[in-house]
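So this block is coords_32.csv, CSV, C-alpha atoms:
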chain,number,residue,atom,x,y,z
A,1,MET,CA,31.7,42.8,3.7
A,2,LYS,CA,29.5,45.9,3.0
A,3,PHE,CA,28.3,46.2,-0.6
A,4,TYR,CA,27.8,49.7,-2.0
A,5,SER,CA,26.0,50.8,-5.1
A,6,VAL,CA,27.9,52.7,-7.8
A,7,TYR,CA,25.3,55.4,-7.2
A,8,ASP,CA,26.5,55.7,-3.6
A,9,PRO,CA,28.8,58.7,-2.9
A,10,ALA,CA,31.4,56.1,-1.7
A,11,PHE,CA,32.0,55.3,-5.4
A,12,LYS,CA,33.1,58.8,-6.3
A,13,PRO,CA,36.8,58.3,-5.5
A,14,TYR,CA,36.9,55.1,-7.6
A,15,GLY,CA,34.8,56.0,-10.7
A,16,LYS,CA,31.6,57.3,-12.1
A,17,VAL,CA,28.4,56.2,-13.9
A,18,LEU,CA,28.5,57.3,-17.6
A,19,GLU,CA,25.3,58.7,-19.1
A,20,GLY,CA,23.8,58.9,-22.6
A,21,TYR,CA,24.8,55.5,-23.9
A,22,GLU,CA,22.5,52.9,-25.4
A,23,THR,CA,23.7,49.5,-24.2
A,24,ASN,CA,21.0,47.0,-25.3
A,25,GLU,CA,22.6,46.0,-28.5
A,26,LEU,CA,26.0,45.4,-26.8
A,27,CYS,CA,24.4,43.4,-24.0
A,28,ASP,CA,22.5,41.2,-26.6
A,29,ALA,CA,25.8,40.6,-28.4
A,30,MET,CA,27.5,39.6,-25.2
A,31,MET,CA,24.7,37.1,-24.3
A,32,LYS,CA,25.5,35.2,-27.5
A,33,ILE,CA,29.0,34.3,-26.1
A,34,GLU,CA,28.9,31.1,-24.1
A,35,LEU,CA,30.0,31.2,-20.5
A,36,PRO,CA,33.1,29.2,-19.4
A,37,GLU,CA,33.4,27.4,-16.1
A,38,GLY,CA,36.1,29.8,-14.8
A,39,VAL,CA,37.0,33.3,-16.2
A,40,ASN,CA,37.9,34.3,-19.7
A,41,TYR,CA,39.1,37.6,-21.1
A,42,GLU,CA,39.6,38.9,-24.6
A,43,PRO,CA,40.9,42.5,-25.2
A,44,GLY,CA,38.9,43.0,-28.4
A,45,ILE,CA,36.0,41.0,-29.9
A,46,ASP,CA,34.8,41.8,-33.4
A,47,SER,CA,31.1,41.2,-32.7
A,48,LEU,CA,31.2,43.6,-29.8
A,49,GLU,CA,33.2,46.2,-31.7
A,50,ALA,CA,30.6,46.1,-34.5
A,51,CYS,CA,27.9,47.4,-32.1
A,52,ALA,CA,26.7,51.0,-32.5
A,53,ILE,CA,28.0,51.9,-29.0
A,54,TYR,CA,31.6,51.5,-30.1
A,55,ARG,CA,31.9,54.9,-31.8
A,56,PRO,CA,30.3,56.9,-29.0
A,57,LEU,CA,32.5,55.2,-26.5
A,58,GLN,CA,35.6,56.0,-28.6
A,59,ASP,CA,34.5,59.6,-29.3
A,60,ARG,CA,32.9,60.6,-26.0
A,61,ALA,CA,34.3,58.3,-23.3
A,62,TYR,CA,37.9,58.4,-24.6
A,63,GLY,CA,37.9,61.7,-26.4
A,64,GLY,CA,38.6,60.2,-29.8
A,65,MET,CA,41.5,58.0,-28.8
A,66,PRO,CA,41.6,54.5,-30.4
A,67,ILE,CA,39.9,51.9,-28.2
A,68,GLN,CA,39.3,48.2,-27.9
A,69,LEU,CA,36.0,46.7,-26.8
A,70,GLY,CA,36.5,43.2,-25.3
A,71,LEU,CA,34.9,41.0,-22.7
A,72,CYS,CA,35.6,39.4,-19.3
A,73,TRP,CA,33.1,36.6,-18.7
A,74,GLY,CA,32.5,33.5,-16.6
A,75,HIS,CA,32.1,32.8,-12.9
A,76,ASN,CA,34.0,34.4,-10.1
A,77,THR,CA,33.5,35.4,-6.5
A,78,ARG,CA,37.1,36.0,-5.4
A,79,LEU,CA,39.5,39.0,-5.4
A,80,ASN,CA,42.8,37.1,-6.3
A,81,CYS,CA,44.6,40.1,-7.7
A,82,LEU,CA,44.3,43.8,-8.3
A,83,GLU,CA,45.5,45.6,-11.4
A,84,TYR,CA,45.7,49.2,-12.7
A,85,HIS,CA,46.3,51.0,-16.1
A,86,ARG,CA,47.5,54.4,-17.0
A,87,ASP,CA,43.9,55.3,-18.0
A,88,SER,CA,40.3,54.7,-17.2
A,89,GLU,CA,38.4,51.5,-18.0
A,90,VAL,CA,34.7,51.3,-18.9
A,91,ASN,CA,32.6,48.3,-17.8
A,92,ILE,CA,29.1,47.3,-18.9
A,93,GLY,CA,27.5,44.1,-17.8
A,94,THR,CA,24.6,42.0,-19.0
A,95,HIS,CA,23.6,41.3,-15.4
A,96,ASP,CA,24.3,43.0,-12.1
A,97,PHE,CA,27.9,42.4,-11.1
A,98,VAL,CA,30.3,43.4,-8.3
A,99,LEU,CA,33.6,45.2,-8.6
A,100,LEU,CA,36.2,44.8,-5.8
A,101,LEU,CA,38.1,48.1,-5.8
A,102,ALA,CA,40.9,49.8,-3.9
A,103,LYS,CA,43.1,52.9,-4.6
A,104,GLU,CA,46.5,53.1,-6.1
A,105,ASP,CA,47.7,55.5,-3.3
A,106,GLU,CA,46.8,52.9,-0.7
A,107,ILE,CA,49.8,50.7,-1.9
A,108,MET,CA,52.5,50.9,0.7
A,109,ASP,CA,56.0,49.6,-0.2
A,110,GLY,CA,54.6,47.5,-3.0
A,111,VAL,CA,51.9,45.9,-1.0
A,112,LEU,CA,48.2,46.6,-0.4
A,113,ASP,CA,46.2,45.4,2.6
A,114,THR,CA,43.0,43.7,1.3
A,115,ALA,CA,41.1,45.1,4.3
A,116,LEU,CA,41.1,48.4,2.3
A,117,VAL,CA,39.1,46.8,-0.6
A,118,LYS,CA,35.5,47.9,-1.1
A,119,ALA,CA,32.7,46.1,-3.0
A,120,PHE,CA,30.5,48.0,-5.5
A,121,ARG,CA,27.4,46.6,-7.2
A,122,VAL,CA,26.9,47.6,-10.8
A,123,PRO,CA,23.4,47.3,-12.3
A,124,ALA,CA,22.9,45.5,-15.6
A,125,GLY,CA,23.4,47.6,-18.7
A,126,VAL,CA,24.8,50.6,-16.8
A,127,PRO,CA,28.2,51.9,-18.1
A,128,VAL,CA,30.7,52.7,-15.3
A,129,GLU,CA,34.1,54.3,-15.7
A,130,VAL,CA,36.8,52.9,-13.3
A,131,PHE,CA,39.4,55.6,-12.9
A,132,ALA,CA,43.1,55.0,-13.8
A,133,THR,CA,44.0,55.4,-10.1
A,134,THR,CA,41.5,52.6,-9.1
A,135,LEU,CA,42.8,49.1,-8.5
A,136,HIS,CA,40.4,46.4,-9.9
A,137,TYR,CA,40.4,42.9,-11.4
A,138,ALA,CA,37.9,40.4,-12.7
A,139,PRO,CA,34.2,41.2,-11.9
A,140,CYS,CA,32.3,39.0,-9.5
A,141,HIS,CA,28.9,37.5,-10.4
A,142,THR,CA,25.9,38.1,-8.2
A,143,ASN,CA,24.1,34.9,-9.3
A,144,ALA,CA,26.0,31.7,-10.1
A,145,ALA,CA,23.4,30.6,-12.7
A,146,ASP,CA,23.9,33.8,-14.7
A,147,GLY,CA,27.6,34.2,-14.2
A,148,PHE,CA,28.9,37.5,-15.5
A,149,ARG,CA,29.5,39.0,-18.9
A,150,VAL,CA,31.2,42.4,-18.6
A,151,ALA,CA,32.3,44.5,-21.6
A,152,ILE,CA,35.8,45.9,-21.0
A,153,VAL,CA,36.6,49.1,-22.8
A,154,LEU,CA,40.3,50.3,-22.8
A,155,PRO,CA,42.7,52.1,-25.1
A,156,LYS,CA,43.8,49.9,-28.0
A,157,GLY,CA,46.6,47.6,-27.2
A,158,THR,CA,46.0,47.3,-23.4
A,159,ASN,CA,46.4,43.8,-22.0
A,160,THR,CA,48.2,42.6,-25.0
A,161,ALA,CA,51.8,41.4,-25.1
A,162,LYS,CA,54.1,42.9,-22.4
A,163,PRO,CA,56.7,45.3,-23.8
A,164,ASP,CA,60.3,44.1,-23.7
A,165,TYR,CA,62.4,46.2,-21.4
A,166,GLU,CA,64.8,46.1,-18.5
A,167,ALA,CA,63.2,47.0,-15.1
A,168,ALA,CA,64.6,50.3,-13.9
A,169,CYS,CA,62.4,50.6,-10.7
A,170,GLU,CA,60.3,48.4,-8.5
A,171,GLU,CA,57.0,49.3,-10.3
A,172,ASP,CA,58.5,48.1,-13.6
A,173,LYS,CA,58.5,44.5,-12.1
A,174,TRP,CA,54.7,44.6,-11.6
A,175,MET,CA,53.9,44.8,-15.3
A,176,THR,CA,52.4,41.6,-16.7
A,177,ALA,CA,51.0,42.9,-20.0
A,178,ARG,CA,50.9,46.1,-22.0
A,179,ASN,CA,49.5,48.9,-19.8
A,180,LYS,CA,48.8,46.4,-17.0
A,181,TRP,CA,50.4,46.5,-13.6
A,182,LEU,CA,49.4,43.7,-11.3
A,183,LEU,CA,49.4,43.0,-7.5
A,184,ALA,CA,48.7,39.3,-6.8
A,185,HIS,CA,47.5,37.6,-3.7
A,186,PRO,CA,49.8,34.8,-2.5
A,187,ASP,CA,46.9,32.3,-2.9
A,188,SER,CA,46.3,33.2,-6.6
A,189,ALA,CA,47.3,31.3,-9.7
A,190,GLU,CA,48.9,34.5,-10.9
A,191,ALA,CA,51.3,34.6,-7.9
A,192,LYS,CA,52.2,30.9,-8.6
A,193,ASN,CA,53.0,31.9,-12.1
A,194,GLY,CA,55.5,34.5,-11.0
A,195,ALA,CA,53.4,37.7,-10.6
A,196,HIS,CA,54.4,40.3,-8.0
A,197,ILE,CA,52.9,39.3,-4.6
A,198,GLY,CA,51.4,42.7,-3.7
A,199,LEU,CA,48.3,41.8,-1.6
A,200,LYS,CA,48.3,40.9,2.1
A,201,GLY,CA,45.3,39.8,4.2
A,202,ASP,CA,42.3,37.8,3.2
A,203,ASN,CA,41.8,36.7,-0.4
A,204,ILE,CA,38.2,38.2,-0.4
A,205,ASP,CA,35.4,35.8,-1.4
A,206,ILE,CA,32.0,37.6,-1.7
A,207,ALA,CA,30.3,34.2,-1.7
Mind turning this structure into structure tokens?
Amino acid sequence: MKFYSVYDPAFKPYGKVLEGYETNELCDAMMKIELPEGVNYEPGIDSLEACAIYRPLQDRAYGGMPIQLGLCWGHNTRLNCLEYHRDSEVNIGTHDFVLLLAKEDEIMDGVLDTALVKAFRVPAGVPVEVFATTLHYAPCHTNAADGFRVAIVLPKGTNTAKPDYEAACEEDKWMTARNKWLLAHPDSAEAKNGAHIGLKGDNIDIA
């Protein structure tokens, strides 16, 4: 699999690098959180939201909309699933990490071929915006000893309890949490727990 940099023109349809943010304090705060064996995610963490970067992210990156600043962290090298939201997501890592990405318009009849997925390496401390139309999931580490700690910035309430509604179309059946639509690979734990099987092809493993 070819690995691109987020500074490569190939990243432009998927997202962009954000400029003018001081990330050192946030990275230091993330480093104080112990790594698990697998992957953990929390939508909002008080110690991260207390960092000075919180207000600039809310005011500049999200235009003043309420946000949550959480964390995805652990060890991972596999694709497993792809998700999307109705808005952009901002990621900032303590170490270099890899995002496996595809485009929402590449979904055909509820299924995406994993051959369309591209890998992008994000340098430590660099904020990247992942567009709303970009399919993404858990980051991948580049060094097993370091694992990954990636700040996840989203509109407040995202990835919390799924709203209670009756599905009125096929896409409604893909929602697994608030503002989260998920396509699962058949090999994933998410698929075994009832998530929509929406990926075909290899379950990519960058290792």
Which residues, written as a ChimeraX atom specification, have at least one atom at most 7 Å from Val122 in chain A, with all atoms listed in the file counted and residues fewer than 3 positions away on the same chain left out? /A:5-6,96-98
Selection: 8 Å around range 156-158 of chain A, only C-alpha atoms, excl. self and same-chain fewer than 2 positions, as a VMD selection string: chain A and resid 43 66 to 68 154 160 177 to 180
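Counting only C-alpha atoms, the residue from A:Leu101, A:Ala167, A:Val111, A:Leu48 that sits nearest to Thr23 in chain A is A:Leu48.
Taking CA of Leu182 in chain A and CA of Glu42 in chain A as the two end points, the separation is 17.2 Å.
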Please identify all polymer residues within 6 Å of range 139-147 of chain A, counting only C-alpha atoms, omitting same-chain residues fewer than 3 positions from it, and present them as a list in words. Gly74, His75, Asn76, Thr77, Phe97, Val98 and Leu99 of chain A
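Coordinates place CA of Asn91 in chain A at a distance of 7.7 Å from CA of Val130 in chain A.
CA of Gly63 in chain A is positioned 20.3 Å from CA of Asn159 in chain A.
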Which polymer residues, whether protein, DNA or RNA, lie within 10 Å of the coordinate (42.9, 43.1, 4.6) when you count only C-alpha atoms? List them as JSON, numbers by chain, using the chain letters and numbers from the file. {"A": [112, 113, 114, 115, 116, 117, 199, 200, 201, 202, 203, 204]}
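Proximity of A:Ser47, A:Thr176, A:Thr133, A:Ser88 to Ile107 in chain A, computed with all atoms listed in the file, is greatest for A:Thr133.
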Taking (41.0, 42.9, -9.4) in the file's own coordinates, collect the residues within 9 Å, counting all atoms listed in the file, and hand them back as a ChimeraX atom specification. /A:78-84,99-102,135-139,182-184
Nearest-residue call for Gly93 in chain A, choices A:Tyr21, A:Tyr41, A:Phe148, A:Tyr4, using only C-alpha atoms: A:Phe148
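For Lys16 in chain A, the residues within 12 Å (counting all atoms listed in the file, excluding itself and residues fewer than 4 positions away along the chain) are Ser5, Val6, Tyr7, Asp8, Pro9, Ala10, Phe11, Lys12, Ala61, Ser88, Glu89, Val90, Asn91, Phe120, Val122, Val126, Pro127, Val128, Glu129, Val130, Phe131, Ala132 and Thr134 of chain A.
Proximity ranking of A:Met65, A:Leu26, A:Asp205, A:Leu18 relative to Ala119 in chain A places A:Asp205 first, based on only C-alpha atoms.
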Please provide the set of residues having any atom within 10 Å of Glu171 in chain A, restricted to all atoms listed in the file, with same-chain residues fewer than 5 positions apart removed, written as an MDAnalysis selection string. chainID A and resid 110 181:182 196
Which of these residues is nearest to His85 in chain A, using only C-alpha atoms: A:Gly64, A:Gly70, A:Pro155, A:Gly198? A:Pro155
Just range 134-175 of chain A from the block, N, CA and C atoms, as an mmCIF file, in the first residue's frame, could you?
data_model
loop_
_atom_site.group_PDB
_atom_site.id
_atom_site.type_symbol
_atom_site.label_atom_id
_atom_site.label_comp_id
_atom_site.auth_asym_id
_atom_site.auth_seq_id
_atom_site.Cartn_x
_atom_site.Cartn_y
_atom_site.Cartn_z
ATOM 1 N N THR A 134 -15.383 12.667 4.019
ATOM 2 C CA THR A 134 -14.290 11.695 4.076
ATOM 3 C C THR A 134 -14.615 10.585 5.071
ATOM 4 N N LEU A 135 -14.509 9.351 4.613
ATOM 5 C CA LEU A 135 -14.691 8.184 5.468
ATOM 6 C C LEU A 135 -13.392 7.915 6.205
ATOM 7 N N HIS A 136 -13.481 7.648 7.499
ATOM 8 C CA HIS A 136 -12.294 7.470 8.339
ATOM 9 C C HIS A 136 -12.672 6.556 9.501
ATOM 10 N N TYR A 137 -11.696 6.158 10.299
ATOM 11 C CA TYR A 137 -11.987 5.415 11.522
ATOM 12 C C TYR A 137 -10.795 5.561 12.454
ATOM 13 N N ALA A 138 -10.526 4.556 13.278
ATOM 14 C CA ALA A 138 -9.444 4.675 14.260
ATOM 15 C C ALA A 138 -8.100 4.887 13.557
ATOM 16 N N PRO A 139 -7.264 5.795 14.066
ATOM 17 C CA PRO A 139 -5.918 5.970 13.509
ATOM 18 C C PRO A 139 -5.093 4.696 13.649
ATOM 19 N N CYS A 140 -4.028 4.602 12.873
ATOM 20 C CA CYS A 140 -3.066 3.496 12.975
ATOM 21 C C CYS A 140 -1.738 4.042 13.499
ATOM 22 N N HIS A 141 -1.101 3.281 14.377
ATOM 23 C CA HIS A 141 0.205 3.721 14.875
ATOM 24 C C HIS A 141 1.283 3.441 13.835
ATOM 25 N N THR A 142 2.382 4.162 13.942
ATOM 26 C CA THR A 142 3.526 3.938 13.066
ATOM 27 C C THR A 142 4.655 3.215 13.798
ATOM 28 N N ASN A 143 4.544 3.149 15.128
ATOM 29 C CA ASN A 143 5.541 2.466 15.958
ATOM 30 C C ASN A 143 4.787 1.804 17.107
ATOM 31 N N ALA A 144 4.874 0.480 17.189
ATOM 32 C CA ALA A 144 4.105 -0.259 18.194
ATOM 33 C C ALA A 144 4.473 0.168 19.614
ATOM 34 N N ALA A 145 5.740 0.525 19.836
ATOM 35 C CA ALA A 145 6.165 0.929 21.171
ATOM 36 C C ALA A 145 5.491 2.235 21.601
ATOM 37 N N ASP A 146 5.265 3.139 20.650
ATOM 38 C CA ASP A 146 4.628 4.424 20.948
ATOM 39 C C ASP A 146 3.109 4.333 20.948
ATOM 40 N N GLY A 147 2.548 3.374 20.175
ATOM 41 C CA GLY A 147 1.110 3.367 19.982
ATOM 42 C C GLY A 147 0.664 4.667 19.346
ATOM 43 N N PHE A 148 -0.578 5.071 19.608
ATOM 44 C CA PHE A 148 -1.034 6.371 19.122
ATOM 45 C C PHE A 148 -1.939 7.027 20.164
ATOM 46 N N ARG A 149 -1.823 8.318 20.234
ATOM 47 C CA ARG A 149 -2.734 9.162 21.007
ATOM 48 C C ARG A 149 -3.132 10.308 20.077
ATOM 49 N N VAL A 150 -4.382 10.314 19.660
ATOM 50 C CA VAL A 150 -4.843 11.315 18.693
ATOM 51 C C VAL A 150 -6.054 12.045 19.251
ATOM 52 N N ALA A 151 -5.916 13.358 19.427
ATOM 53 C CA ALA A 151 -7.048 14.182 19.843
ATOM 54 C C ALA A 151 -8.095 14.190 18.744
ATOM 55 N N ILE A 152 -9.356 14.039 19.147
ATOM 56 C CA ILE A 152 -10.476 14.014 18.206
ATOM 57 C C ILE A 152 -11.395 15.183 18.545
ATOM 58 N N VAL A 153 -11.476 16.143 17.641
ATOM 59 C CA VAL A 153 -12.298 17.332 17.861
ATOM 60 C C VAL A 153 -13.519 17.257 16.944
ATOM 61 N N LEU A 154 -14.706 17.368 17.550
ATOM 62 C CA LEU A 154 -15.958 17.249 16.812
ATOM 63 C C LEU A 154 -17.015 18.156 17.446
ATOM 64 N N PRO A 155 -18.098 18.453 16.728
ATOM 65 C CA PRO A 155 -19.199 19.197 17.352
ATOM 66 C C PRO A 155 -19.713 18.459 18.591
ATOM 67 N N LYS A 156 -20.072 19.205 19.614
ATOM 68 C CA LYS A 156 -20.477 18.629 20.894
ATOM 69 C C LYS A 156 -21.650 17.671 20.712
ATOM 70 N N GLY A 157 -21.544 16.513 21.343
ATOM 71 C CA GLY A 157 -22.590 15.493 21.274
ATOM 72 C C GLY A 157 -22.306 14.377 20.290
ATOM 73 N N THR A 158 -21.370 14.591 19.374
ATOM 74 C CA THR A 158 -21.038 13.557 18.387
ATOM 75 C C THR A 158 -20.492 12.309 19.081
ATOM 76 N N ASN A 159 -20.865 11.157 18.564
ATOM 77 C CA ASN A 159 -20.419 9.850 19.072
ATOM 78 C C ASN A 159 -20.961 9.523 20.464
ATOM 79 N N THR A 160 -21.988 10.249 20.892
ATOM 80 C CA THR A 160 -22.661 9.890 22.137
ATOM 81 C C THR A 160 -23.875 9.019 21.773
ATOM 82 N N ALA A 161 -24.830 8.873 22.687
ATOM 83 C CA ALA A 161 -25.930 7.920 22.492
ATOM 84 C C ALA A 161 -26.693 8.173 21.187
ATOM 85 N N LYS A 162 -26.958 7.105 20.483
ATOM 86 C CA LYS A 162 -27.698 7.176 19.216
ATOM 87 C C LYS A 162 -29.121 7.693 19.461
ATOM 88 N N PRO A 163 -29.615 8.601 18.612
ATOM 89 C CA PRO A 163 -30.996 9.056 18.774
ATOM 90 C C PRO A 163 -31.982 7.922 18.521
ATOM 91 N N ASP A 164 -33.146 8.025 19.135
ATOM 92 C CA ASP A 164 -34.178 7.003 19.002
ATOM 93 C C ASP A 164 -35.112 7.384 17.860
ATOM 94 N N TYR A 165 -35.101 6.628 16.791
ATOM 95 C CA TYR A 165 -35.939 6.931 15.633
ATOM 96 C C TYR A 165 -36.211 5.647 14.857
ATOM 97 N N GLU A 166 -37.218 5.721 13.992
ATOM 98 C CA GLU A 166 -37.518 4.612 13.098
ATOM 99 C C GLU A 166 -36.848 4.884 11.764
ATOM 100 N N ALA A 167 -36.068 3.933 11.267
ATOM 101 C CA ALA A 167 -35.356 4.129 10.001
ATOM 102 C C ALA A 167 -36.351 4.358 8.871
ATOM 103 N N ALA A 168 -36.121 5.420 8.097
ATOM 104 C CA ALA A 168 -36.992 5.747 6.970
ATOM 105 C C ALA A 168 -36.293 5.546 5.633
ATOM 106 N N CYS A 169 -34.985 5.236 5.661
ATOM 107 C CA CYS A 169 -34.230 4.963 4.446
ATOM 108 C C CYS A 169 -33.052 4.074 4.807
ATOM 109 N N GLU A 170 -32.348 3.584 3.809
ATOM 110 C CA GLU A 170 -31.241 2.658 4.040
ATOM 111 C C GLU A 170 -30.142 3.281 4.896
ATOM 112 N N GLU A 171 -29.781 4.541 4.617
ATOM 113 C CA GLU A 171 -28.697 5.183 5.359
ATOM 114 C C GLU A 171 -29.004 5.277 6.850
ATOM 115 N N ASP A 172 -30.280 5.424 7.193
ATOM 116 C CA ASP A 172 -30.658 5.501 8.603
ATOM 117 C C ASP A 172 -30.210 4.265 9.382
ATOM 118 N N LYS A 173 -30.101 3.143 8.691
ATOM 119 C CA LYS A 173 -29.723 1.885 9.352
ATOM 120 C C LYS A 173 -28.227 1.817 9.653
ATOM 121 N N TRP A 174 -27.460 2.745 9.093
ATOM 122 C CA TRP A 174 -26.000 2.723 9.297
ATOM 123 C C TRP A 174 -25.579 3.496 10.539
ATOM 124 N N MET A 175 -26.494 4.264 11.139
ATOM 125 C CA MET A 175 -26.117 5.081 12.286
ATOM 126 C C MET A 175 -25.915 4.200 13.523
#
